[in-house]
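S.K.: I am sharing run.cif, which consists of mmCIF, C-alpha atoms and all ligand atoms:
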data_upload
#
loop_
_atom_site.label_atom_id
_atom_site.label_comp_id
_atom_site.auth_asym_id
_atom_site.auth_seq_id
_atom_site.Cartn_x
_atom_site.Cartn_y
_atom_site.Cartn_z
CA MET V 1 0.00 0.00 0.00
CA THR V 2 1.37 3.42 -0.98
CA GLU V 3 1.78 6.27 1.46
CA SER V 4 -1.00 8.26 -0.26
CA SER V 5 -3.45 5.36 -0.12
CA GLN V 6 -2.76 4.97 3.60
CA ARG V 7 -3.69 8.61 4.20
CA SER V 8 -6.99 8.33 2.28
CA GLY V 9 -7.97 4.82 3.47
CA PRO V 10 -10.13 3.79 6.42
CA ARG V 11 -7.14 3.85 8.76
CA SER V 12 -6.58 7.58 8.17
CA GLY V 13 -9.35 8.40 10.69
CA PHE V 14 -11.45 10.36 8.20
CA THR V 15 -14.37 7.94 8.30
CA ARG V 16 -18.02 8.82 7.79
CA ARG V 17 -18.72 7.87 11.42
CA ALA V 18 -16.01 10.19 12.69
CA PHE V 19 -17.24 12.98 10.45
CA LEU V 20 -20.82 12.66 11.71
CA LYS V 21 -19.62 12.47 15.30
CA GLY V 22 -17.63 15.65 14.79
CA SER V 23 -20.59 17.38 13.19
CA SER V 24 -22.80 16.47 16.14
CA ALA V 25 -20.26 17.87 18.57
CA VAL V 26 -20.10 21.13 16.63
CA ALA V 27 -23.88 21.38 16.61
CA ALA V 28 -24.03 20.76 20.36
CA ALA V 29 -21.34 23.31 21.01
CA THR V 30 -23.07 26.01 19.00
CA ALA V 31 -26.28 25.30 20.90
CA LEU V 32 -24.66 26.31 24.21
CA THR V 33 -25.62 29.63 25.68
CA THR V 34 -22.87 32.08 26.47
CA GLU V 35 -23.36 31.35 30.17
CA GLN V 36 -23.00 27.61 29.64
CA ALA V 37 -19.93 28.10 27.51
CA GLU V 38 -18.34 30.29 30.17
CA ALA V 39 -19.20 27.72 32.84
CA GLN V 40 -17.59 24.96 30.78
CA ALA V 41 -14.53 27.07 30.16
CA ALA V 42 -14.25 27.73 33.89
CA GLN V 43 -14.52 24.02 34.62
CA ALA V 44 -11.83 23.29 32.08
CA LYS V 45 -9.48 25.70 33.81
CA ILE V 46 -10.09 24.28 37.26
CA ALA V 47 -7.38 21.66 36.93
CA LYS V 48 -4.82 24.28 35.95
CA GLY V 49 -4.34 25.75 39.40
CA GLU V 50 -4.67 29.35 40.51
CA GLN V 51 -6.82 31.65 38.48
CA SER V 52 -8.49 35.05 38.80
CA ILE V 53 -12.21 35.38 39.33
CA ARG V 54 -14.47 38.37 39.77
CA LEU V 55 -17.37 38.53 42.15
CA THR V 56 -19.34 41.20 43.96
CA VAL V 57 -18.89 41.40 47.72
CA ASN V 58 -21.12 43.65 49.77
CA GLY V 59 -22.01 45.58 46.63
CA LYS V 60 -18.43 46.14 45.45
CA PRO V 61 -16.81 44.38 42.47
CA ARG V 62 -13.76 42.40 43.60
CA ALA V 63 -11.12 40.38 41.79
CA VAL V 64 -9.42 37.54 43.67
CA LYS V 65 -7.05 34.70 42.91
CA VAL V 66 -8.22 31.24 43.82
CA GLU V 67 -7.13 27.66 43.52
CA PRO V 68 -9.68 24.89 42.92
CA ARG V 69 -9.58 24.01 46.63
CA THR V 70 -9.95 27.60 47.92
CA THR V 71 -13.12 28.16 49.92
CA LEU V 72 -15.19 31.30 49.84
CA LEU V 73 -14.44 31.71 53.54
CA GLU V 74 -10.69 31.77 52.84
CA VAL V 75 -11.17 34.41 50.15
CA LEU V 76 -13.30 36.58 52.41
CA ARG V 77 -11.02 36.38 55.43
CA GLN V 78 -7.54 36.16 53.87
CA GLN V 79 -7.83 38.21 50.69
CA LEU V 80 -10.64 40.66 51.37
CA ASP V 81 -10.07 41.14 55.13
CA LEU V 82 -13.73 40.44 55.89
CA THR V 83 -13.41 38.43 59.10
CA GLY V 84 -17.04 38.42 60.23
CA ALA V 85 -17.75 34.92 58.92
CA LYS V 86 -15.94 32.49 61.21
CA PRO V 87 -13.94 29.29 60.54
CA VAL V 88 -15.58 27.12 63.19
CA SER V 89 -16.48 23.94 61.31
CA THR V 90 -15.05 22.68 58.03
CA ASP V 91 -18.30 20.86 57.33
CA GLY V 92 -20.47 23.94 57.89
CA SER V 93 -22.35 22.34 60.75
CA SER V 94 -21.91 25.33 63.09
CA GLY V 95 -23.39 27.92 60.75
CA ALA V 96 -20.72 30.40 61.86
CA SER V 97 -19.60 31.03 58.27
CA THR V 98 -23.07 31.87 56.96
CA VAL V 99 -23.08 34.43 54.13
CA LEU V 100 -25.55 35.24 51.39
CA LEU V 101 -24.73 34.05 47.88
CA ASN V 102 -27.02 35.69 45.36
CA GLY V 103 -29.33 36.37 48.32
CA LYS V 104 -29.42 32.80 49.63
CA PRO V 105 -27.68 31.68 52.83
CA VAL V 106 -24.71 29.35 52.31
CA MET V 107 -21.81 28.19 54.44
CA ALA V 108 -18.74 29.99 53.15
CA SER V 109 -16.58 27.26 54.73
CA THR V 110 -18.04 24.62 52.41
CA THR V 111 -18.48 26.76 49.30
CA LEU V 112 -15.66 26.66 46.78
CA ALA V 113 -14.72 30.17 45.72
CA ILE V 114 -14.43 29.12 42.09
CA THR V 115 -18.18 28.49 42.04
CA CYS V 116 -18.82 32.09 43.08
CA ARG V 117 -17.48 33.57 39.85
CA GLY V 118 -19.72 36.46 38.82
CA LYS V 119 -22.00 36.06 41.83
CA SER V 120 -22.98 38.43 44.62
CA VAL V 121 -21.85 37.76 48.19
CA THR V 122 -23.16 39.53 51.28
CA THR V 123 -21.29 39.06 54.53
CA VAL V 124 -22.27 40.25 57.99
CA GLU V 125 -20.25 43.40 57.24
CA GLY V 126 -22.69 44.19 54.44
CA VAL V 127 -25.92 43.53 56.36
CA ASP V 128 -27.96 46.61 57.25
CA ASN V 129 -28.23 47.62 60.91
CA THR V 130 -31.70 46.24 61.62
CA VAL V 131 -30.78 42.74 62.76
CA PRO V 132 -27.47 43.69 64.49
CA LYS V 133 -29.28 46.35 66.55
CA ALA V 134 -31.92 43.82 67.56
CA PHE V 135 -29.14 41.45 68.70
CA VAL V 136 -27.61 44.20 70.83
CA ALA V 137 -30.96 45.17 72.31
CA ALA V 138 -31.75 41.53 73.18
CA ASP V 139 -28.23 40.85 74.51
CA ALA V 140 -28.08 37.98 72.03
CA GLN V 141 -24.36 37.28 72.22
CA GLN V 142 -21.81 36.22 74.80
CA CYS V 143 -18.45 35.36 73.22
CA GLY V 144 -19.93 36.48 69.92
CA PHE V 145 -18.20 33.84 67.81
CA CYS V 146 -21.46 32.50 66.40
CA THR V 147 -23.09 35.92 66.18
CA PRO V 148 -22.13 36.94 62.61
CA GLY V 149 -23.51 33.67 61.26
CA PHE V 150 -26.71 34.06 63.25
CA VAL V 151 -27.13 37.67 62.13
CA VAL V 152 -26.85 36.70 58.46
CA ALA V 153 -29.12 33.68 58.97
CA VAL V 154 -31.77 35.83 60.72
CA LYS V 155 -31.50 38.44 57.97
CA ALA V 156 -31.94 35.80 55.24
CA PHE V 157 -34.82 34.08 57.02
CA LEU V 158 -36.78 37.24 57.84
CA ASP V 159 -36.26 38.71 54.37
CA LYS V 160 -38.04 35.64 53.08
CA ASN V 161 -40.48 35.31 55.99
CA PRO V 162 -41.10 38.85 57.31
CA ASN V 163 -44.10 37.78 59.42
CA ALA V 164 -42.59 34.58 60.78
CA SER V 165 -43.85 33.22 64.10
CA GLU V 166 -41.47 32.40 66.93
CA ALA V 167 -41.81 28.69 66.14
CA GLN V 168 -40.98 29.32 62.50
CA ILE V 169 -37.94 31.38 63.47
CA ARG V 170 -36.70 28.59 65.74
CA SER V 171 -37.06 26.12 62.90
CA GLY V 172 -35.52 28.49 60.36
CA LEU V 173 -32.39 28.99 62.46
CA ASN V 174 -31.74 25.34 63.24
CA GLY V 175 -28.64 25.33 61.02
CA ASN V 176 -26.77 27.62 63.41
CA ILE V 177 -25.21 26.56 66.68
CA CYS V 178 -24.27 28.70 69.69
CA ARG V 179 -21.90 27.08 72.18
CA CYS V 180 -22.62 29.83 74.70
CA GLY V 181 -26.29 28.93 74.59
CA THR V 182 -27.76 32.32 73.77
CA TYR V 183 -30.51 30.77 71.68
CA ALA V 184 -33.34 32.32 73.71
CA ASN V 185 -31.97 35.82 73.23
CA VAL V 186 -31.26 35.23 69.54
CA ILE V 187 -34.88 34.20 69.07
CA ASP V 188 -36.00 37.25 71.05
CA ALA V 189 -33.92 39.43 68.73
CA ALA V 190 -35.44 37.89 65.62
CA VAL V 191 -38.97 38.18 67.02
CA SER V 192 -38.35 41.84 67.82
CA VAL V 193 -37.38 42.45 64.18
CA VAL V 194 -40.67 40.90 63.06
CA LYS V 195 -42.44 43.27 65.47
CA GLY V 196 -40.54 46.24 64.08
CA GLY V 197 -37.68 46.37 66.58
CA GLY V 198 -34.07 46.97 65.61
CA ASN V 199 -34.97 49.76 63.22
CA GLY V 200 -33.22 53.09 63.21
S1 LIG B 301 -22.24 33.66 71.74
FE1 LIG B 301 -20.57 32.31 72.04
S2 LIG B 301 -20.88 30.71 70.59
FE2 LIG B 301 -22.65 31.90 70.47
#
Would you write out, as structure tokens, the structure that this file holds?
Ligand code: FES
M.R.:
Amino acid sequence: MTESSQRSGPRSGFTRRAFLKGSSAVAAATALTTEQAEAQAAQAKIAKGEQSIRLTVNGKPRAVKVEPRTTLLEVLRQQLDLTGAKPVSTDGSSGASTVLLNGKPVMASTTLAITCRGKSVTTVEGVDNTVPKAFVAADAQQCGFCTPGFVVAVKAFLDKNPNASEAQIRSGLNGNICRCGTYANVIDAAVSVVKGGGNG
């Protein structure tokens, strides 16, 4: 068999099956939305180590460098100097690292920063004064280590349930733990917000 016949024969790889397979892949790729394509590109880069991402934190656009293993909590505390969210539990079971991601409460300690690309993060430093003032008025903290997580959790819960009952508040905050045992006062603070306390 000549060299040219080898190139054009079945073993060259240019088979009808391969051509159709390639065409299907092209069609699928062109069907992706820009958002999907960007998400895929981000995933493809994950294995390459550190990369820059942009996100909005407390209303301000921020650019940070992250590795695939970097948590949102590490970015907030070590790169952006926002130390309100606390590194209490690596599995998020304490609730002390609660922040809002696109308005929803998440544990920053278990959220990979790379997944926050282009998203909006609100930490306790970016929460308005209503809930913090209610905590102060109700004496809802002792050591205060859990307090930022509780404040963000109360804020998220009451934004979604502004007329929540005390029982609903207790249930809604069951993802946050206070080793000092200030639960009663935390609940009092949240109830006072429902009743209009903490304003001003
Ligand atoms: S006030 Fe100390 S852990 Fe809650």
S.K.: Could you give me the residues within 6 Å of ligand LIG 301 (chain B), counting only C-alpha atoms and all ligand atoms, as a PyMOL selection string?
M.R.: chain V and resi 141-147+178-180
S.K.: Quick one: residues within 9 Å of V:Ala138, only C-alpha atoms counted, chain neighbours fewer than 3 positions away excluded, as a PDB file with C-alpha atoms, in the coordinates of the input?
M.R.:
ATOM      1  CA  LYS V 133     -29.280  46.350  66.550  1.00  0.00           C
ATOM      2  CA  ALA V 134     -31.920  43.820  67.560  1.00  0.00           C
ATOM      3  CA  PHE V 135     -29.140  41.450  68.700  1.00  0.00           C
ATOM      4  CA  GLN V 141     -24.360  37.280  72.220  1.00  0.00           C
ATOM      5  CA  ASN V 185     -31.970  35.820  73.230  1.00  0.00           C
ATOM      6  CA  VAL V 186     -31.260  35.230  69.540  1.00  0.00           C
ATOM      7  CA  ILE V 187     -34.880  34.200  69.070  1.00  0.00           C
ATOM      8  CA  ASP V 188     -36.000  37.250  71.050  1.00  0.00           C
ATOM      9  CA  ALA V 189     -33.920  39.430  68.730  1.00  0.00           C
ATOM     10  CA  SER V 192     -38.350  41.840  67.820  1.00  0.00           C
TER      11      SER V 192
END
S.K.: Hey, can you check how far atom CA of V:Ser97 sits from atom CA of V:Asn163?
M.R.: 25.4 Å
S.K.: Calculated over all atoms listed in the file, which of the candidates V:Val154, V:Val57, V:Ala140, V:Val106 has the smallest distance to V:Val121?
M.R.: V:Val57
S.K.: Any idea what the distance is between atom CA of V:Asn129 and atom CA of V:Asn102?
M.R.: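 Atom CA of V:Asn129 sits 19.6 Å away from atom CA of V:Asn102.
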S.K.: Between atom CA of V:Phe157 and atom CA of V:Ile177, what is the distance, to one decimal in Å?
M.R.: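 Answer for the atom CA of V:Phe157 to atom CA of V:Ile177 separation: 15.6 Å.
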S.K.: Enumerate, as an MDAnalysis selection string, the protein, DNA and RNA residues whose atoms approach (-42.9, 36.8, 59.2) to within 12 Å, taking into account only C-alpha atoms and the coordinate frame of the file.
M.R.: chainID V and resid 154:169 172 190:196
S.K.: For V:Val88, which residue among V:Leu72, V:Leu100, V:Met107, V:Ile114 is the nearest when counting only C-alpha atoms?
M.R.: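 Among V:Leu72, V:Leu100, V:Met107, V:Ile114, it is V:Met107 that comes nearest to V:Val88.
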S.K.: In terms of the shortest atom-to-atom distance over all atoms listed in the file, which of V:Thr33, V:Glu50, V:Val152, V:Asp139 is closest to V:Thr182?
M.R.: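 For V:Thr182, the nearest of the candidates is V:Asp139.
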S.K.: Got a sec to check which residues sit within 7 Å of (-23.0, 37.1, 45.1), counting all atoms listed in the file, and write them as an MDAnalysis selection string?
M.R.: chainID V and resid 55:57 101:102 116 119:122
S.K.: Just want the 10 Å neighbourhood of V:Ser89, counted on only C-alpha atoms, with same-chain residues fewer than 5 positions away dropped. Output as a PyMOL selection string.
M.R.: chain V and resi 94-97+107+109-110
S.K.: Would you mind exporting the chosen residues as a PDB file, in the frame of the given file, restricted to C-alpha atoms?
M.R.:
ATOM      1  CA  SER V  94     -21.910  25.330  63.090  1.00  0.00           C
ATOM      2  CA  GLY V  95     -23.390  27.920  60.750  1.00  0.00           C
ATOM      3  CA  ALA V  96     -20.720  30.400  61.860  1.00  0.00           C
ATOM      4  CA  SER V  97     -19.600  31.030  58.270  1.00  0.00           C
ATOM      5  CA  MET V 107     -21.810  28.190  54.440  1.00  0.00           C
ATOM      6  CA  SER V 109     -16.580  27.260  54.730  1.00  0.00           C
ATOM      7  CA  THR V 110     -18.040  24.620  52.410  1.00  0.00           C
TER       8      THR V 110
END
S.K.: Just the residues within 12 Å of V:Leu112, please, counting all atoms listed in the file, with nothing from its chain fewer than 5 positions along; format it as a list in words.
M.R.: Ile46, Ile53, Val66, Glu67, Pro68, Arg69, Thr70, Thr71, Leu72, Leu73, Glu74, Val75, Leu76, Thr90, Leu101, Val106, Met107 and Arg117 of chain V
S.K.: Rank nothing, just name the residue among V:Val99, V:Val136, V:Ala108, V:Ala184 nearest to V:Thr123, using all atoms listed in the file.
M.R.: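 Comparing V:Val99, V:Val136, V:Ala108, V:Ala184 against V:Thr123, the winner is V:Val99.
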